[in-house]
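File shown: my_file_34.txt (compact mmCIF, C-alpha atoms).
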# COMPACT_ATOMS: atom_id res chain seq x y z
CA MET H 1 47.70 2.95 164.49
CA PRO H 2 44.22 3.43 162.96
CA GLY H 3 41.67 0.66 163.48
CA ALA H 4 40.04 -1.54 160.86
CA ILE H 5 37.54 1.28 160.25
CA TYR H 6 38.85 4.83 160.52
CA ALA H 7 37.31 8.17 159.60
CA GLU H 8 38.58 11.67 160.14
CA GLY H 9 36.64 14.88 159.51
CA LEU H 10 34.02 13.39 157.17
CA VAL H 11 31.75 16.03 155.64
CA LYS H 12 28.84 15.34 153.30
CA THR H 13 26.10 17.76 152.27
CA PHE H 14 22.89 17.34 150.28
CA GLY H 15 21.79 20.80 149.25
CA ASP H 16 21.29 22.73 152.46
CA VAL H 17 21.42 19.59 154.61
CA ARG H 18 24.78 18.85 156.23
CA ALA H 19 24.37 15.10 156.69
CA LEU H 20 27.93 14.64 158.00
CA ASP H 21 29.63 17.51 159.76
CA GLY H 22 33.18 16.47 160.62
CA VAL H 23 32.63 12.87 161.77
CA ASP H 24 35.58 11.04 163.36
CA LEU H 25 35.47 7.27 163.96
CA ASP H 26 38.01 4.63 164.95
CA VAL H 27 37.02 0.97 165.27
CA PRO H 28 39.77 -1.43 166.45
CA GLU H 29 40.07 -4.74 164.62
CA GLY H 30 37.80 -7.48 165.92
CA THR H 31 35.44 -5.14 167.80
CA VAL H 32 31.93 -3.76 167.35
CA LEU H 33 31.17 -0.04 167.20
CA GLY H 34 27.53 0.88 167.68
CA LEU H 35 26.59 4.06 165.83
CA LEU H 36 23.56 5.29 167.72
CA GLY H 37 21.26 8.16 166.92
CA PRO H 38 17.81 9.27 165.82
CA ASN H 39 16.63 8.97 162.23
CA GLY H 40 18.18 11.67 160.08
CA ALA H 41 21.23 11.95 162.31
CA GLY H 42 23.72 10.88 159.63
CA LYS H 43 24.24 7.20 160.45
CA THR H 44 23.30 5.82 157.05
CA THR H 45 25.25 8.52 155.23
CA ALA H 46 28.35 7.57 157.23
CA VAL H 47 27.88 3.91 156.26
CA ARG H 48 27.47 4.82 152.59
CA VAL H 49 30.69 6.82 152.62
CA LEU H 50 32.66 4.09 154.39
CA THR H 51 31.38 1.44 151.97
CA THR H 52 32.27 3.51 148.85
CA LEU H 53 28.62 4.17 147.90
CA LEU H 54 29.03 7.92 148.44
CA GLN H 55 32.01 10.22 148.15
CA PRO H 56 32.47 12.68 151.01
CA ASP H 57 32.87 16.37 150.29
CA SER H 58 35.94 16.33 152.51
CA GLY H 59 37.67 14.21 155.10
CA LYS H 60 39.44 10.86 155.14
CA ALA H 61 38.17 7.29 155.43
CA VAL H 62 40.21 4.09 155.67
CA VAL H 63 38.71 0.58 155.78
CA ALA H 64 40.83 -2.55 156.24
CA GLY H 65 43.95 -0.43 155.76
CA MET H 66 42.82 0.97 152.39
CA ASP H 67 41.78 4.50 151.53
CA VAL H 68 38.11 4.49 150.55
CA LEU H 69 38.57 7.21 147.93
CA LYS H 70 41.82 5.97 146.42
CA HIS H 71 41.10 2.22 146.39
CA PRO H 72 37.30 1.74 146.31
CA ASN H 73 37.37 -1.57 144.42
CA GLU H 74 39.83 -3.12 146.87
CA VAL H 75 37.70 -1.92 149.79
CA ARG H 76 34.58 -3.53 148.30
CA ARG H 77 36.32 -6.90 148.06
CA CYS H 78 36.93 -7.06 151.80
CA ILE H 79 33.67 -5.73 153.26
CA GLY H 80 30.14 -6.98 153.76
CA LEU H 81 27.13 -4.67 153.86
CA SER H 82 23.57 -5.14 155.05
CA GLY H 83 21.61 -1.98 154.31
CA GLN H 84 18.72 -0.50 156.21
CA PHE H 85 16.21 -1.97 153.78
CA ALA H 86 16.21 -5.50 152.39
CA ALA H 87 17.95 -5.45 149.00
CA VAL H 88 16.86 -8.77 147.54
CA ASP H 89 15.74 -9.59 144.02
CA GLU H 90 12.07 -10.46 144.37
CA TYR H 91 12.03 -12.41 141.08
CA LEU H 92 14.69 -14.85 142.31
CA THR H 93 14.14 -17.52 144.93
CA GLY H 94 15.88 -17.24 148.26
CA ARG H 95 18.44 -19.83 147.17
CA GLU H 96 19.04 -18.08 143.83
CA ASN H 97 19.57 -14.75 145.57
CA LEU H 98 22.33 -16.18 147.73
CA GLN H 99 23.92 -18.15 144.89
CA MET H 100 24.00 -15.00 142.77
CA VAL H 101 25.82 -13.09 145.50
CA GLY H 102 28.34 -15.91 145.83
CA GLN H 103 29.03 -15.93 142.10
CA LEU H 104 29.45 -12.15 142.10
CA TYR H 105 32.23 -12.73 144.63
CA GLN H 106 33.83 -15.19 142.18
CA MET H 107 32.83 -18.29 144.12
CA SER H 108 32.39 -21.43 142.04
CA ALA H 109 28.79 -22.44 141.31
CA ARG H 110 29.19 -25.48 143.56
CA ASP H 111 30.64 -23.51 146.48
CA ALA H 112 27.98 -20.81 146.11
CA LYS H 113 25.25 -23.47 146.24
CA VAL H 114 26.71 -25.07 149.37
CA ARG H 115 27.12 -21.71 151.11
CA ALA H 116 23.56 -20.71 150.18
CA GLY H 117 22.22 -23.89 151.79
CA GLU H 118 24.19 -23.24 154.99
CA LEU H 119 22.86 -19.72 155.31
CA LEU H 120 19.27 -20.69 154.52
CA ASP H 121 19.43 -23.17 157.41
CA ARG H 122 21.11 -20.67 159.69
CA PHE H 123 18.41 -18.03 159.15
CA ASN H 124 15.45 -20.45 159.24
CA LEU H 125 14.67 -19.98 155.55
CA ALA H 126 15.24 -23.54 154.31
CA ASP H 127 11.52 -24.28 153.97
CA ALA H 128 11.11 -21.22 151.71
CA ALA H 129 14.42 -21.60 149.88
CA ASP H 130 12.87 -22.31 146.48
CA ARG H 131 10.08 -19.78 146.62
CA PRO H 132 10.42 -16.38 144.88
CA ALA H 133 11.49 -13.70 147.32
CA LYS H 134 8.41 -11.65 146.43
CA THR H 135 6.34 -14.22 148.36
CA TYR H 136 8.39 -13.65 151.54
CA SER H 137 7.15 -11.67 154.50
CA GLY H 138 8.99 -8.51 155.49
CA GLY H 139 10.90 -10.32 158.22
CA MET H 140 11.89 -13.14 155.87
CA ARG H 141 13.18 -10.68 153.28
CA ARG H 142 15.20 -8.97 155.99
CA ARG H 143 16.76 -12.28 157.04
CA LEU H 144 17.55 -13.13 153.41
CA ASP H 145 19.27 -9.77 153.00
CA LEU H 146 21.36 -10.39 156.11
CA ALA H 147 22.27 -13.85 154.84
CA ALA H 148 23.42 -12.31 151.55
CA ALA H 149 25.81 -10.04 153.46
CA LEU H 150 27.40 -13.15 154.98
CA VAL H 151 27.85 -15.25 151.84
CA VAL H 152 31.54 -14.52 152.07
CA SER H 153 33.27 -14.02 155.42
CA PRO H 154 34.53 -10.44 155.11
CA PRO H 155 37.05 -9.06 157.62
CA VAL H 156 34.94 -5.88 157.93
CA MET H 157 31.14 -5.76 158.14
CA PHE H 158 28.68 -2.87 158.05
CA MET H 159 25.13 -3.44 159.29
CA ASP H 160 22.67 -0.55 159.02
CA GLU H 161 19.83 -1.16 161.50
CA PRO H 162 19.91 -4.91 160.80
CA THR H 163 17.14 -5.99 163.17
CA THR H 164 14.47 -3.61 161.90
CA GLY H 165 11.38 -5.70 161.16
CA LEU H 166 12.62 -8.84 162.92
CA ASP H 167 10.63 -10.56 165.66
CA PRO H 168 12.34 -11.19 169.03
CA ARG H 169 13.38 -14.77 168.18
CA ASN H 170 15.03 -13.78 164.90
CA ARG H 171 16.59 -10.74 166.52
CA MET H 172 18.26 -12.93 169.11
CA GLN H 173 19.40 -15.31 166.39
CA LEU H 174 21.03 -12.46 164.50
CA TRP H 175 22.77 -11.32 167.67
CA GLU H 176 24.24 -14.81 167.96
CA VAL H 177 25.46 -14.66 164.35
CA ILE H 178 27.09 -11.29 164.98
CA GLU H 179 28.80 -12.56 168.12
CA GLU H 180 30.17 -15.54 166.18
CA LEU H 181 31.51 -13.26 163.45
CA VAL H 182 33.22 -10.93 165.87
CA GLY H 183 34.56 -13.88 167.86
CA GLY H 184 36.21 -15.02 164.62
CA GLY H 185 37.95 -11.66 164.16
CA THR H 186 35.44 -9.69 162.07
CA THR H 187 35.23 -5.93 162.70
CA LEU H 188 31.69 -4.56 162.69
CA LEU H 189 30.13 -1.12 162.45
CA LEU H 190 26.50 -1.41 163.54
CA THR H 191 23.98 1.40 163.26
CA THR H 192 20.91 1.14 165.43
CA GLN H 193 18.24 3.10 167.25
CA TYR H 194 17.99 0.42 169.93
CA LEU H 195 20.21 1.03 172.92
CA GLU H 196 19.60 -2.50 174.18
CA GLU H 197 20.99 -3.84 170.91
CA ALA H 198 24.09 -1.68 171.15
CA ASP H 199 24.34 -2.57 174.84
CA HIS H 200 24.35 -6.29 174.00
CA LEU H 201 26.66 -6.21 170.99
CA ALA H 202 28.89 -3.14 170.95
CA HIS H 203 32.24 -2.70 172.66
CA ASP H 204 31.91 1.06 172.19
CA ILE H 205 29.17 3.43 171.09
CA CYS H 206 29.18 6.74 169.23
CA VAL H 207 26.07 8.88 169.42
CA ILE H 208 25.58 10.97 166.29
CA ASP H 209 23.11 13.81 165.78
CA HIS H 210 22.82 16.40 163.00
CA GLY H 211 25.92 14.93 161.39
CA LYS H 212 28.16 15.27 164.44
CA VAL H 213 29.45 12.76 166.98
CA ILE H 214 28.15 14.19 170.25
CA ALA H 215 29.05 11.41 172.69
CA ARG H 216 31.26 8.33 172.90
CA GLY H 217 31.59 5.55 175.41
CA THR H 218 30.15 2.24 176.52
CA ALA H 219 26.41 1.74 176.94
CA ASP H 220 26.82 2.04 180.71
CA GLN H 221 28.69 5.32 180.37
CA LEU H 222 26.02 6.77 178.10
CA LYS H 223 23.25 5.72 180.45
CA ALA H 224 25.12 7.30 183.36
CA GLN H 225 25.15 10.62 181.49
CA THR H 226 21.35 10.67 181.58
CA GLY H 227 21.18 10.33 185.34
CA GLY H 228 21.86 6.67 186.06
CA GLU H 229 19.22 4.68 187.92
CA ARG H 230 15.75 5.99 188.72
CA VAL H 231 13.08 4.93 191.18
CA GLU H 232 9.55 5.07 189.79
CA VAL H 233 6.56 4.95 192.10
CA VAL H 234 2.86 4.87 191.18
CA VAL H 235 0.67 5.69 194.19
CA GLN H 236 -2.89 4.41 194.57
CA HIS H 237 -4.52 7.78 195.31
CA PRO H 238 -3.74 11.35 194.15
CA ASP H 239 -3.68 12.64 197.74
CA GLN H 240 -0.67 10.37 198.42
CA ILE H 241 1.53 12.12 195.86
CA THR H 242 2.77 14.70 198.38
CA PRO H 243 3.92 12.25 201.10
CA ALA H 244 5.45 9.99 198.44
CA ARG H 245 7.37 12.97 197.06
CA GLU H 246 8.72 13.73 200.52
CA VAL H 247 9.95 10.14 200.88
CA LEU H 248 11.64 10.16 197.48
CA LEU H 249 13.35 13.48 198.16
CA GLY H 250 15.03 11.82 201.12
CA PHE H 251 16.58 9.14 198.92
CA GLY H 252 16.96 10.85 195.55
CA LYS H 253 19.84 12.68 193.93
CA GLY H 254 17.73 15.36 192.27
CA GLU H 255 14.25 16.70 191.76
CA VAL H 256 11.22 14.41 191.83
CA ALA H 257 9.33 14.40 188.51
CA ILE H 258 5.57 14.06 189.00
CA ALA H 259 2.98 12.99 186.42
CA GLU H 260 -0.26 13.72 188.26
CA HIS H 261 -2.59 12.16 185.69
CA THR H 262 -0.86 8.77 186.10
CA ARG H 263 0.07 9.32 189.80
CA LYS H 264 3.68 8.46 188.93
CA LEU H 265 6.74 9.92 190.63
CA THR H 266 10.30 9.50 189.36
CA VAL H 267 13.59 10.44 190.99
CA PRO H 268 17.26 9.75 190.07
CA VAL H 269 19.05 7.60 192.65
CA THR H 270 22.19 5.61 193.35
CA GLY H 271 22.25 2.46 195.44
CA GLY H 272 20.46 -0.15 193.38
CA ALA H 273 18.14 -2.80 194.79
CA LYS H 274 19.21 -2.17 198.40
CA LEU H 275 18.04 1.43 198.18
CA LEU H 276 14.78 0.34 196.53
CA ALA H 277 14.03 -1.89 199.52
CA GLU H 278 14.63 1.07 201.85
CA VAL H 279 12.28 3.26 199.82
CA ILE H 280 9.55 0.60 200.01
CA ARG H 281 9.93 0.36 203.80
CA GLU H 282 9.75 4.14 204.24
CA LEU H 283 6.67 4.44 202.04
CA ASP H 284 5.00 1.71 204.10
CA THR H 285 5.93 3.49 207.33
CA ARG H 286 4.35 6.71 206.03
CA GLY H 287 1.20 4.83 205.04
CA VAL H 288 1.64 5.46 201.31
CA GLU H 289 -0.16 2.78 199.30
CA ILE H 290 1.40 2.02 195.92
CA ASP H 291 0.21 0.35 192.72
CA ASP H 292 3.70 -0.11 191.34
CA ILE H 293 7.33 0.59 192.17
CA GLY H 294 10.52 -0.21 190.34
CA LEU H 295 14.15 0.59 189.74
CA ARG H 296 15.02 1.24 186.13
CA ARG H 297 17.89 2.43 184.03
CA PRO H 298 17.50 5.10 181.34
CA THR H 299 15.72 4.03 178.19
CA LEU H 300 16.79 4.75 174.63
CA ASP H 301 14.47 7.75 174.58
CA ASP H 302 16.06 9.06 177.79
CA VAL H 303 19.49 8.88 176.14
CA PHE H 304 18.26 10.55 172.95
CA ILE H 305 16.52 13.36 174.78
CA SER H 306 19.38 13.91 177.21
CA LEU H 307 22.08 14.00 174.54
CA THR H 308 20.24 15.50 171.57
CA GLY H 309 17.42 17.47 173.15
CA HIS H 310 14.77 15.67 171.08
CA ALA H 311 13.34 12.26 170.31
CA ALA H 312 13.86 10.34 167.08
CA GLU H 313 13.15 12.19 163.84
CA LEU H 314 11.58 10.63 160.77
CA GLN H 315 13.09 12.42 157.78
CA ASP H 316 15.47 10.91 155.26
CA GLU H 317 18.99 12.30 155.59
CA GLU H 318 19.28 13.38 151.99
CA ASN H 319 16.03 15.11 151.12
CA GLY H 320 13.25 14.19 153.55
CA GLN H 321 11.83 11.43 151.35
CA SER H 322 11.30 8.07 153.01
CA GLN H 323 13.36 5.18 151.69
CA GLY H 324 10.16 3.18 151.32
CA ALA H 325 8.84 5.83 148.92
CA LYS H 326 12.09 5.68 146.96
CA ASP H 327 11.88 1.91 146.73
CA ALA H 328 8.28 2.07 145.57
CA LYS H 329 9.23 4.55 142.86
CA ASP H 330 12.11 2.35 141.70
CA ALA H 331 9.87 -0.71 141.59
CA LYS H 332 7.60 1.01 139.06
CA ASP H 333 10.47 1.43 136.61
CA PRO H 334 9.94 -1.15 133.82
CA LYS H 335 13.64 -1.03 132.96
CA ASP H 336 14.39 -2.10 136.54
CA ALA H 337 12.00 -5.04 136.25
CA LYS H 338 13.58 -6.08 132.98
CA ALA H 339 17.02 -5.98 134.58
CA ARG H 340 15.85 -8.23 137.42
CA LYS H 341 14.50 -10.82 134.98
CA SER H 342 17.84 -10.76 133.18
CA ARG H 343 19.68 -11.45 136.45
CA LYS H 344 17.42 -14.43 137.14
CA GLU H 345 18.25 -15.92 133.79
CA SER H 346 21.98 -15.45 134.41
CA VAL H 347 21.78 -17.30 137.73
CA LYS H 348 19.99 -20.23 136.13
Just give me the structure of the file as structure tokens.
Amino acid sequence: MPGAIYAEGLVKTFGDVRALDGVDLDVPEGTVLGLLGPNGAGKTTAVRVLTTLLQPDSGKAVVAGMDVLKHPNEVRRCIGLSGQFAAVDEYLTGRENLQMVGQLYQMSARDAKVRAGELLDRFNLADAADRPAKTYSGGMRRRLDLAAALVVSPPVMFMDEPTTGLDPRNRMQLWEVIEELVGGGTTLLLTTQYLEEADHLAHDICVIDHGKVIARGTADQLKAQTGGERVEVVVQHPDQITPAREVLLGFGKGEVAIAEHTRKLTVPVTGGAKLLAEVIRELDTRGVEIDDIGLRRPTLDDVFISLTGHAAELQDEENGQSQGAKDAKDAKDPKDAKARKSRKESVK
């Protein structure tokens, strides 16, 4: 039985770029799937297809039991979407933005107003509720956009890099909101470049690169694929690199990586904190003086490099143009500005 979000063999091309190359996904109801990968990997394109904003060249997609291609309007009624970039109307106040979204979902004016107030409090925007969104900081606009995605309580949510631009306090607050939603039965597909975010929120993770799913599993399983735990040692003097290397070889499960300019040695290990204590004792016995030592798990970059062979890329999936440049171009369109003013009048 397919999950609340299901995709099979999704293919989408933009000219010579194959943004999706046979993507398969299956997200059980009431769970979070983290879609992890570098920029340009195909994450946003997958979200656009699943939310009816793009049609795939081939493949199948089902959301909340409905075929995305056959029943797009029905799919839109039961999903929430927070895009990668804040999509708020800068000519409306924060409160008006949320009320407008509520009315678009056929909420009564009174209910939309009440819901807007609840969300403004929840995202620490109450003090700026009646200011035009164009006066908001980047982080405030991002929070307003996230609030707009939650005006209704959809059974299926899509969040495309939702914490980009948020400070640590607001990031943690959003994590709490997501946990509440999922605890209430919402299914979530979350795209992110932050492994710690996926680690905290996702039940399962798919790593996507060049339009293909190249790895699946929990955060712990993905980290294990990159070599598990590592001991890092920074010695005080360059002439102590050799004896430190000999010590680490005795405890490690592979070659010792040496960065001579920083006097840092790294080796993959198993054994956790107990092994780290043994390494410290042996270094002391050998007379190796250290500036720093620690046990760490693979970072996001480690996972990217191990699974994809490269670090994060910076091109847009469709044509290499940054979304910020696209937004700036759109903002210069006088017809677009006129349309925004018209929307403000309709809300009032």
| Excluding same-chain residues fewer than 2 positions from H:Val233, what lies within 10 Å of it counting all atoms listed in the file, as a PyMOL selection string? | chain H and resi 230-231+235-236+241+244-245+248+258+263-267+279-280+283+290-295
- Around (41.7, 7.9, 155.5) in the file's frame, which residues reach within 10 Å when counting all atoms listed in the file? Return as a VMD selection string? chain H and resid 2 5 to 10 50 59 to 63 65 to 70
For this session: Would you mind telling me which residue in H:Pro243, H:Gly83, H:Gly15, H:Gly94 lies nearest to H:Ala133 when using only C-alpha atoms?
Result: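 Going through H:Pro243, H:Gly83, H:Gly15, H:Gly94 one by one, the smallest distance to H:Ala133 is for H:Gly94.
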* Once you count only C-alpha atoms, which residues end up no further than 9 Å from (31.4, 5.6, 175.0) in the file's frame, shown as a PyMOL selection string? -> chain H and resi 203-207+215-222
Identify, on the basis of all atoms listed in the file, every residue whose closest approach to H:Asn97 does not exceed 8 Å; exclude the query and any residue fewer than 6 positions from it along the same chain; express the result as a PDB file with C-alpha atoms, in the coordinates of the input.
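As a result, result-v3.pdb now contains:
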ATOM      1  CA  VAL H  88      16.860  -8.770 147.540  1.00  0.00           C
ATOM      2  CA  ASP H  89      15.740  -9.590 144.020  1.00  0.00           C
ATOM      3  CA  ALA H 148      23.420 -12.310 151.550  1.00  0.00           C
TER       4      ALA H 148
END
Among H:Thr52, H:Ser137, H:Asn170, H:Thr93, H:Phe158 is approached most closely, using all atoms listed in the file, by H:Thr52
#### Entry: Residues near H:Leu166, cut-off 9 Å, all atoms listed in the file, skip fewer than 4 positions along chain, as a list in words
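Returned residues: Gly138, Gly139, Met140, Arg142, Arg143, Pro162, Asn170 and Arg171 of chain H.
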Resulting file, chosen residues, C-alpha atoms, as a CSV table (one decimal), in the frame of the given file:
chain,number,residue,atom,x,y,z
H,138,GLY,CA,9.0,-8.5,155.5
H,139,GLY,CA,10.9,-10.3,158.2
H,140,MET,CA,11.9,-13.1,155.9
H,142,ARG,CA,15.2,-9.0,156.0
H,143,ARG,CA,16.8,-12.3,157.0
H,162,PRO,CA,19.9,-4.9,160.8
H,170,ASN,CA,15.0,-13.8,164.9
H,171,ARG,CA,16.6,-10.7,166.5
Atom CA of H:Ala259 to atom CA of H:Gln240 measures 12.8 Å
